[in-house]
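Participant: One structure coming up, written as structure tokens, with questions to follow.
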Amino acid sequence: NLVEHCFNRYIELFKQTALWYTRLLDGVEDTVSYFASRGLRQSIATTKSAEETDIILTGLKVRQYFDLLLGVKDVVSPKPDPEIAYLTLQRLGIENDHAVIVGDTVIDIETGKRSGIYTIAVTTGTHDRERLAGSNPDYIIDNIQELRDIVIYSDPKKYSRYNFFGHYM
């Protein structure tokens, strides 16, 4: 069918062009490697497909820091429905009170709120501080490196960081 053909063509073109203009924000690689080196589990839940996300993370040489990638095709109901958050927690074997959702959109924060997970909004995406504040995140940061000062844990096997894709680019 036409829709399937167009989608497959999109993925084919995406694979060829995804990294042309995609760059990591300052501090992202240092931050995700810092948490990985301390045993915190990291995941990405995105409105892209997991396949698209894997292409980007591999090309940017940060894929190894993430334990799980979930995309829109992995769930029936997309964000802000909490399904993708619950699926992530289930697959990683983590309780929601031992997780943090970091997101750069109101939809990300709403997903976290609906799933009972601590939320951190980061202002490096398309939603500004005022708009993010309207979604009532538990915390707002302007730079991803600020996570080191917020995510404090006593036992790295108990705590996890659960990340959304958008703010990394």
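By order of appearance in the structure tokens: chains A, B, ..., then residues from 1 within every chain, and ligands from 1 in the order shown.
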Residues near Pro137 of chain A, anyone? I mean within 7 Å using only C-alpha atoms, not counting same-chain ones fewer than 2 positions away, as a ChimeraX atom specification.
Facilitator: /A:109,119-121,133,135,139-140
Participant: For those residues, write N, CA, C and O atoms to a file as a PDB file, in the first residue's frame.
Facilitator:
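Here's the written file again.pdb:
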ATOM      1  N   ILE A 109       7.244  15.455  29.916  1.00  0.00           N
ATOM      2  CA  ILE A 109       6.965  15.673  31.340  1.00  0.00           C
ATOM      3  C   ILE A 109       5.601  15.093  31.699  1.00  0.00           C
ATOM      4  O   ILE A 109       5.444  14.440  32.735  1.00  0.00           O
ATOM      5  N   THR A 119      10.293  13.837  37.354  1.00  0.00           N
ATOM      6  CA  THR A 119      10.516  14.449  36.047  1.00  0.00           C
ATOM      7  C   THR A 119      11.501  15.611  36.121  1.00  0.00           C
ATOM      8  O   THR A 119      11.435  16.446  37.030  1.00  0.00           O
ATOM      9  N   ILE A 120      12.376  15.652  35.130  1.00  0.00           N
ATOM     10  CA  ILE A 120      13.307  16.767  34.981  1.00  0.00           C
ATOM     11  C   ILE A 120      13.156  17.301  33.559  1.00  0.00           C
ATOM     12  O   ILE A 120      13.367  16.585  32.585  1.00  0.00           O
ATOM     13  N   ALA A 121      12.768  18.569  33.466  1.00  0.00           N
ATOM     14  CA  ALA A 121      12.640  19.223  32.167  1.00  0.00           C
ATOM     15  C   ALA A 121      13.962  19.908  31.839  1.00  0.00           C
ATOM     16  O   ALA A 121      14.588  20.510  32.713  1.00  0.00           O
ATOM     17  N   ALA A 133       7.676  24.822  32.437  1.00  0.00           N
ATOM     18  CA  ALA A 133       7.245  25.046  33.824  1.00  0.00           C
ATOM     19  C   ALA A 133       5.742  24.829  33.964  1.00  0.00           C
ATOM     20  O   ALA A 133       5.271  24.347  34.997  1.00  0.00           O
ATOM     21  N   SER A 135       4.061  22.564  32.762  1.00  0.00           N
ATOM     22  CA  SER A 135       3.764  21.132  32.892  1.00  0.00           C
ATOM     23  C   SER A 135       4.137  20.595  34.279  1.00  0.00           C
ATOM     24  O   SER A 135       4.004  19.404  34.538  1.00  0.00           O
ATOM     25  N   TYR A 139      11.745  19.318  38.413  1.00  0.00           N
ATOM     26  CA  TYR A 139      12.948  20.135  38.321  1.00  0.00           C
ATOM     27  C   TYR A 139      13.092  20.622  36.892  1.00  0.00           C
ATOM     28  O   TYR A 139      12.675  19.938  35.961  1.00  0.00           O
ATOM     29  N   ILE A 140      13.701  21.802  36.697  1.00  0.00           N
ATOM     30  CA  ILE A 140      14.007  22.319  35.362  1.00  0.00           C
ATOM     31  C   ILE A 140      15.489  22.653  35.308  1.00  0.00           C
ATOM     32  O   ILE A 140      16.023  23.299  36.219  1.00  0.00           O
TER      33      ILE A 140
END
Participant: Could you write out, as number ranges by chain, all the residues of segment 21-154 of chain A that DSSP marks as alpha helix (DSSP H)?
Facilitator: A: 28-37, 50-59, 83-92, 106-115, 129-133, 147-150
Participant: Using only C-alpha atoms, can you tell me which of A:Val32, A:Leu24, A:Leu60, A:Leu19 comes closest to Glu146 of chain A?
Facilitator: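 Distance minimum relative to Glu146 of chain A lands on A:Val32.
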Participant: Can you work out the spacing between atom CA of Gly93 of chain A and atom CA of Thr53 of chain A in Å, to one decimal?
Facilitator: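 These two atoms are separated by 21.9 Å.
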Participant: Do you have, as JSON lines, the list of residues of segment 46-73 of chain A lying at most 9 Å from segment 79-90 of chain A, each with its nearest atom pair and that distance in Å to one decimal, counting only C-alpha atoms and ordered by chain then number?
Facilitator:
{"residue": "A:Thr46", "atom": "CA", "partner": "A:Lys79", "partner_atom": "CA", "distance": 8.3}
{"residue": "A:Thr47", "atom": "CA", "partner": "A:Lys79", "partner_atom": "CA", "distance": 7.4}
{"residue": "A:Leu68", "atom": "CA", "partner": "A:Thr88", "partner_atom": "CA", "distance": 7.6}
{"residue": "A:Leu69", "atom": "CA", "partner": "A:Thr88", "partner_atom": "CA", "distance": 8.5}
{"residue": "A:Leu70", "atom": "CA", "partner": "A:Ile84", "partner_atom": "CA", "distance": 7.3}
{"residue": "A:Gly71", "atom": "CA", "partner": "A:Ile84", "partner_atom": "CA", "distance": 8.0}
{"residue": "A:Val72", "atom": "CA", "partner": "A:Ile84", "partner_atom": "CA", "distance": 8.2}
Participant: So, with only C-alpha atoms as the atoms that count, which of A:Asp142, A:Ile101, A:Ile55, A:Val151 lies closest to Ala18 of chain A?
Facilitator: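 When distances to Ala18 of chain A are compared using only C-alpha atoms, the smallest one comes from A:Ile55.
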Participant: Residues at most 12 Å from Gln64 of chain A, counting only C-alpha atoms, excluding those fewer than 3 positions away in the same chain, as a ChimeraX atom specification?
Facilitator: /A:29,32-33,36-37,41-43,54,57-61,67-69
